[in-house]
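A.B. asks: Here it is: the structure, laid out below.
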Amino acid sequence: MSNEITSPTGTEPVADRPVVSPAVDVYENQEELLIVADLPGVTTDSLSVDLEEDRLTIVGRRKALCTEDTPVLMGGGRAFDFKRVFTVPDAIDADKISAELKSGVLQLHLPRHERAKPRRIAIRSAS
Amino acid sequence: MWMTWNDFDRHFAAIDTLRREMERSTSRAGRSRNLGRWPEATLVDEGERFVFAVDVPGLTDDDLTIDVHNSTLTVTAHRTVAAPEGYATHRSERTGFEWKKSFTLPAKIDSEQTRATLEEGVLVVSLVKLPEAQPRRITIA
């Protein structure tokens, strides 16, 4: 992200746009890692998923619900960004990552490399 | 009418402040802000109507009810979150919820003209004020 400076402890936003950490579930089976994130109000156009080396960054930009001068009686209604960064294990096949966004919920499939899949070795008798 | 609203508003503000405090303290530990079951809700006054919005990611029309009576809006929502079959769970921050919230608006609402949309997991309810509650500019005779 261009509006951030990297510090040894992480990153700090420079722009005056709040950053919110979305609720995320992480599941795993023998085929893949599955990341599920709540990103209400985020569209496919305002969502980015980037993998840089082993850093997977999910950013969803959310529009304001109203203009600046509309009286807000409750809550916020301001624009903000959802952001979450994960370290992805080597065993993931980066070329095969796929994502779907439905009703404000992102499902991110991170398939394992073929070589990283668990394998049972058949044992033949040596008789 | 305004008293009812103000009481509720104060109540909400206190919870909101507490939630933000908790977010601040937990965000450093890298945890989610999604604490408890309080929904992210917004209410704005656009003059001729109020617009109410609440985050309900993953919900469909069937999971929501919206009722308007006089100046009270009542919304119910429920969500269940279960691990997909055959997967082990590493992290489970997305919670199911079931809530019912009533909001007393500071003006009477035309229930016939109330409209609701559900897009990208955000429910938006447009509540048109009754004619007598519409803002009016008085010309000086």
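Ligands are numbered from 1 in the order shown, chains are lettered A, B, ... in the order of the structure tokens, and residues start at 1 in each chain.
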DSSP says strand (DSSP E or B) for which residues of segment 27-82 of chain A? Put them as a list in words?

C.D. replies: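 Selecting the strand (DSSP E or B) positions of segment 27-82 of chain A gives Tyr27, Glu28, Glu32, Leu33, Leu34, Ile35, Val36, Ala37, Asp38, Leu47, Ser48, Val49, Asp50, Leu51, Glu52, Arg55, Leu56, Thr57, Ile58, Val59, Gly60, Arg61, Arg62, Val72, Leu73, Met74, Phe80, Asp81 and Phe82 of chain A.
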
A.B. asks: Take the residues that were just selected and, keeping C-alpha atoms, output them as a CSV table (one decimal), in the first residue's frame.

C.D. replies:
chain,number,residue,atom,x,y,z
A,27,TYR,CA,-10.0,-23.6,7.9
A,28,GLU,CA,-7.8,-26.3,6.5
A,32,GLU,CA,-6.4,-26.3,0.8
A,33,LEU,CA,-6.5,-23.5,3.3
A,34,LEU,CA,-9.8,-21.6,3.3
A,35,ILE,CA,-10.0,-18.0,4.6
A,36,VAL,CA,-13.5,-16.6,5.2
A,37,ALA,CA,-13.7,-12.9,6.0
A,38,ASP,CA,-16.7,-10.7,6.8
A,47,LEU,CA,-11.6,-5.4,-2.9
A,48,SER,CA,-8.0,-6.4,-3.5
A,49,VAL,CA,-6.2,-9.6,-2.5
A,50,ASP,CA,-2.4,-9.5,-3.0
A,51,LEU,CA,0.3,-12.1,-2.5
A,52,GLU,CA,3.8,-10.8,-2.2
A,55,ARG,CA,2.5,-12.0,2.7
A,56,LEU,CA,-1.2,-12.2,1.8
A,57,THR,CA,-2.9,-8.9,2.1
A,58,ILE,CA,-6.7,-8.4,1.9
A,59,VAL,CA,-7.9,-4.8,1.6
A,60,GLY,CA,-11.6,-3.9,1.1
A,61,ARG,CA,-12.5,-0.2,0.6
A,62,ARG,CA,-15.8,0.8,1.9
A,72,VAL,CA,-25.5,11.4,11.7
A,73,LEU,CA,-27.8,10.4,14.6
A,74,MET,CA,-26.2,7.1,15.5
A,80,PHE,CA,-13.0,3.1,6.0
A,81,ASP,CA,-10.8,0.2,4.9
A,82,PHE,CA,-11.0,-3.4,6.0

A.B. asks: Can you write out as JSON lines which residues of chain A fall within 8 Å of chain B, alongside each residue's closest atom pair and its distance in Å to one decimal, counting only C-alpha atoms and ordering rows by chain and ascending residue number?

C.D. replies:
{"residue": "A:Val20", "atom": "CA", "partner": "B:Arg33", "partner_atom": "CA", "distance": 7.5}
{"residue": "A:Ser21", "atom": "CA", "partner": "B:Ser32", "partner_atom": "CA", "distance": 5.8}
{"residue": "A:Pro22", "atom": "CA", "partner": "B:Ser32", "partner_atom": "CA", "distance": 6.3}
{"residue": "A:Ala23", "atom": "CA", "partner": "B:Glu93", "partner_atom": "CA", "distance": 5.2}
{"residue": "A:Val24", "atom": "CA", "partner": "B:Glu93", "partner_atom": "CA", "distance": 5.4}
{"residue": "A:Asp25", "atom": "CA", "partner": "B:Ser92", "partner_atom": "CA", "distance": 4.5}
{"residue": "A:Val26", "atom": "CA", "partner": "B:Arg91", "partner_atom": "CA", "distance": 4.8}
{"residue": "A:Tyr27", "atom": "CA", "partner": "B:Thr89", "partner_atom": "CA", "distance": 4.6}
{"residue": "A:Glu28", "atom": "CA", "partner": "B:Tyr87", "partner_atom": "CA", "distance": 5.1}
{"residue": "A:Asn29", "atom": "CA", "partner": "B:Tyr87", "partner_atom": "CA", "distance": 4.7}
{"residue": "A:Ala37", "atom": "CA", "partner": "B:Arg94", "partner_atom": "CA", "distance": 7.7}
{"residue": "A:Asp38", "atom": "CA", "partner": "B:Pro57", "partner_atom": "CA", "distance": 5.9}
{"residue": "A:Leu39", "atom": "CA", "partner": "B:Pro57", "partner_atom": "CA", "distance": 6.8}
{"residue": "A:Pro40", "atom": "CA", "partner": "B:Gly121", "partner_atom": "CA", "distance": 4.7}
{"residue": "A:Gly41", "atom": "CA", "partner": "B:Glu120", "partner_atom": "CA", "distance": 5.0}
{"residue": "A:Val42", "atom": "CA", "partner": "B:Glu120", "partner_atom": "CA", "distance": 6.3}
{"residue": "A:Thr43", "atom": "CA", "partner": "B:Glu120", "partner_atom": "CA", "distance": 6.6}
{"residue": "A:Cys66", "atom": "CA", "partner": "B:Val44", "partner_atom": "CA", "distance": 7.6}
{"residue": "A:Thr70", "atom": "CA", "partner": "B:Glu46", "partner_atom": "CA", "distance": 6.1}
{"residue": "A:Pro71", "atom": "CA", "partner": "B:Asp45", "partner_atom": "CA", "distance": 5.5}
{"residue": "A:Val72", "atom": "CA", "partner": "B:Val44", "partner_atom": "CA", "distance": 4.3}
{"residue": "A:Leu73", "atom": "CA", "partner": "B:Leu43", "partner_atom": "CA", "distance": 5.4}
{"residue": "A:Met74", "atom": "CA", "partner": "B:Leu43", "partner_atom": "CA", "distance": 5.0}
{"residue": "A:Gly75", "atom": "CA", "partner": "B:Thr42", "partner_atom": "CA", "distance": 4.3}
{"residue": "A:Gly76", "atom": "CA", "partner": "B:Thr42", "partner_atom": "CA", "distance": 5.9}
{"residue": "A:Gly77", "atom": "CA", "partner": "B:Thr42", "partner_atom": "CA", "distance": 5.9}
{"residue": "A:Lys102", "atom": "CA", "partner": "B:Glu120", "partner_atom": "CA", "distance": 6.8}
{"residue": "A:Ser103", "atom": "CA", "partner": "B:Glu120", "partner_atom": "CA", "distance": 4.2}
{"residue": "A:Gly104", "atom": "CA", "partner": "B:Glu120", "partner_atom": "CA", "distance": 4.3}
{"residue": "A:Val105", "atom": "CA", "partner": "B:Gly58", "partner_atom": "CA", "distance": 5.7}

A.B. asks: Write out as a VMD selection string the set of residues from segment 49-125 of chain B that DSSP, computed on the backbone, places in helix (DSSP H, G or I).

C.D. replies: chain B and resid 61 to 63 111 to 113

A.B. asks: Please produce a file of those selected residues containing N, CA and C atoms, as a compact mmCIF listing (two decimals), in the first residue's frame.

C.D. replies:
# COMPACT_ATOMS: atom_id res chain seq x y z
N ASP B 61 -32.42 -12.34 2.53
CA ASP B 61 -33.69 -11.73 2.92
C ASP B 61 -34.39 -12.53 4.01
N ASP B 62 -34.28 -13.86 3.93
CA ASP B 62 -34.99 -14.73 4.87
C ASP B 62 -34.48 -14.61 6.30
N ASP B 63 -33.27 -14.09 6.45
CA ASP B 63 -32.68 -14.00 7.79
C ASP B 63 -33.02 -12.70 8.50
N SER B 111 -45.00 4.52 6.81
CA SER B 111 -44.61 3.11 6.66
C SER B 111 -44.82 2.61 5.23
N GLU B 112 -45.79 3.21 4.52
CA GLU B 112 -46.05 2.82 3.12
C GLU B 112 -44.84 3.06 2.22
N GLN B 113 -44.09 4.09 2.55
CA GLN B 113 -42.97 4.47 1.69
C GLN B 113 -41.62 3.93 2.16

A.B. asks: My list of candidates is A:Asp95, A:Lys63, A:Pro118, A:Asp16. Which is closest to Asp45 of chain A when distances are computed with only C-alpha atoms?

C.D. replies: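 Going through A:Asp95, A:Lys63, A:Pro118, A:Asp16 one by one, the smallest distance to Asp45 of chain A is for A:Lys63.
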
A.B. asks: Taking 4 positions as the minimum chain separation for residues in the same chain, which residues sit within 12 Å of Thr74 of chain B when counting only C-alpha atoms? Answer as a PyMOL selection string.

C.D. replies: chain B and resi 52+64-70+99-105+125

A.B. asks: Please, what distance in Å, to one decimal, runs between atom CA of Lys83 of chain A and atom CA of Gln30 of chain A?

C.D. replies: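 Those two atoms sit 27.3 Å apart.
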